[in-house]
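Below is one structure, written out as structure tokens; the observations come after it.
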Amino acid sequence: MAVDRMLPTQEAEDLIDLTRELAEKELGKRVEEHEVDERYPDGLFALLGRAGLLGLPYPEEYGGGGQPYEVYLQVLEELATQWAAVAVATSVHTLACYPLHAFGTSAQQERWLPRMLAGEFLGGYSLSEPQAGSDAAALTCKAERVEDGYRISGTKAWITHGGKADFYALFARTAPGTRGISCFLAPGAAEGLTFGRPERKMGLTAIPTTSAMWDGAVIDSDRLIGDEGQGLEVAFSALDSGRLGIAACATGLAQAALDTAVAYANERTTFGRKIVDHQGLGFLLADMAAAVDSARATYVDAARRHDLGRPFSRQASVAKLVATDAAMKVTTDAVQVLGGYGYTRDFPVERYMREAKIMQIFEGTNQIQRLVISRCLAR
């Protein structure tokens with residue numbers, strides 16, 4: 001069911017219509033086979049790039065869409081309604097472009113940003129390590145200055161599009177302490193860079209998530225983004241926006257589950273009535289709809305603050321927490337609405353439930369979101 005959105009311009013409405021049509025045609029018809037087979041959708045991100053969907057919140061002067069974050073996130077939600085893994089990967093690509101856009105020099109931006117925003121270069125975000133997930137300051141991957149640039153040594157983990165991306169926003173240690181972490185625009189292929197086999201995940205299986213092993217690979221010095229030691233500032237600034245991306249993806253996933261449950265409830269009959277007409281089930285569907293609407297409202301509110309240049313870190317954490325918890329509940333309830341059929345792979349709701357779980361974990365677990373919110377309240 002098409003969502004009745006409050007969009008700021010006619011251009012935004014046209015963009016949503018285009019996205020919905022593309023998502024139904026190109027994503028909806030391929031998602032099931034690729035997720036079941038755990039097969040990467042070759043050529044799909046190039047298509048999204050040609051449609052202008054991989055650089056929406058970035059300036060038009062570099063080939064971006066020049067769209068408000070409020071609009072970009074609703075595009076993400078439309079993609080997630082058809083294929084959550086592709087929407088998440090799109091969000092990660094957008095996140096990976098952020099350090100260059102926000103902290104890069106004009107020369108760096110002119111050199112790389114247009115091809116990144118056009119989707120010619122697909123991006124990944126490489127912050128986490130096996131022993132450093134929520135605690136980003138604990139990372140140990142090193143970037144040592146050498147004559148030709150920086151020698152990178154260490155292991156990174158949980159990289160969406162690992163081994164497939166053309167570049168990575170890489171965070172590595174250039175000195176001890178929390179101010180010793182730096183950000184690099186690392187190439188996707190370098191001598192001394194290898195990737196582990198894709199993780200065996202519960203969901204989002206069509207897009208690989210891998211570890212990366214940097215065994216003394218040397219990257220050019222002009223790939224340093226910002227100043228040495230500025231890495232955590234870059235990372236945390238990017239993650240506020242990235243969390244909104246995940247909130248939008250979670251909302252789209254929850255909307256898909258709600259739509260499936262409502263359609264089933266209007267077709268299935270018990271005791272001579274459609275099951276939607278039974279109060280117990282009707283109230284369950286009402287709660288699901290309220291959760292989806294609330295999730296959308298929280299991320300749109302945070303996005304509007306972002307677009308106005310107002311602080312939005314707390315609101316981003318609220319949106320990520322509310323939307324991903326809603327997705328977990330709504331997808332679980334959708335399985336319940338479909339009963340035994342919901343537990344089978346004949347219907348997509350069991351996949352939706354598996355996909356929802358990770359959204360409570362990545363881009364900062366929901367426990368970390370509660371910590372961020374509580375610290376904001378204590379100021």
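In the structure tokens, chains take the letters A, B, ... in the order shown, each chain's residues start at 1, and ligands count up from 1 in the order shown.
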
With range 131-137 of chain A as the partner and 9 Å as the cut-off, tabulate the residues of range 157-239 of chain A that qualify, each row holding the nearest pair of atoms and their distance in Å to one decimal, using only C-alpha atoms, sorted by chain and rising number, as JSON lines.
{"residue": "A:Ala157", "atom": "CA", "partner": "A:Gly133", "partner_atom": "CA", "distance": 8.6}
{"residue": "A:Trp158", "atom": "CA", "partner": "A:Gly133", "partner_atom": "CA", "distance": 9.0}
{"residue": "A:Gly177", "atom": "CA", "partner": "A:Ala137", "partner_atom": "CA", "distance": 7.8}
{"residue": "A:Thr178", "atom": "CA", "partner": "A:Ala137", "partner_atom": "CA", "distance": 5.7}
{"residue": "A:Arg179", "atom": "CA", "partner": "A:Ala137", "partner_atom": "CA", "distance": 8.8}
{"residue": "A:Ile181", "atom": "CA", "partner": "A:Ala137", "partner_atom": "CA", "distance": 7.9}
{"residue": "A:Leu232", "atom": "CA", "partner": "A:Ala137", "partner_atom": "CA", "distance": 7.4}
{"residue": "A:Ala235", "atom": "CA", "partner": "A:Ala136", "partner_atom": "CA", "distance": 8.8}

Compile the contact shell of range 261-263 of chain A as number ranges by chain: residues with an atom at most 7 Å away, counting only C-alpha atoms, same-chain residues fewer than 4 positions apart removed. A: 257, 267, 334, 337-338

Leaving out range 187-192 of chain A and any residue of its chain fewer than 5 positions from it, which residues lie within 7 Å of it when counting only C-alpha atoms, given as number ranges by chain? A: 165-168, 214-217

Selected residues written out with C-alpha atoms, as a tab-separated table (two decimals), in the first residue's frame:
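Ended up saving to result_32.tsv:
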chain	number	residue	atom	x	y	z
A	165	ALA	CA	33.11	-1.89	-2.71
A	166	ASP	CA	35.42	0.34	-4.73
A	167	PHE	CA	36.37	2.44	-1.70
A	168	TYR	CA	36.08	2.32	2.08
A	214	TRP	CA	45.29	-5.10	5.94
A	215	ASP	CA	48.73	-6.69	5.75
A	216	GLY	CA	51.01	-3.70	5.30
A	217	ALA	CA	49.09	-2.25	2.36

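The gap separating CA of Glu13 in chain A from CA of Leu73 in chain A is 13.0 Å, in Å to one decimal.
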
Close residues, Gly162 in chain A itself excluded, 12 Å, only C-alpha atoms, min 5 positions apart in chain, as number ranges by chain: A: 40, 89, 92-93, 122-126, 156-157, 167-170, 187-189, 193-199, 207-213

Hey, can you check how far CA of His34 in chain A sits from CA of Pro57 in chain A? 28.3 Å
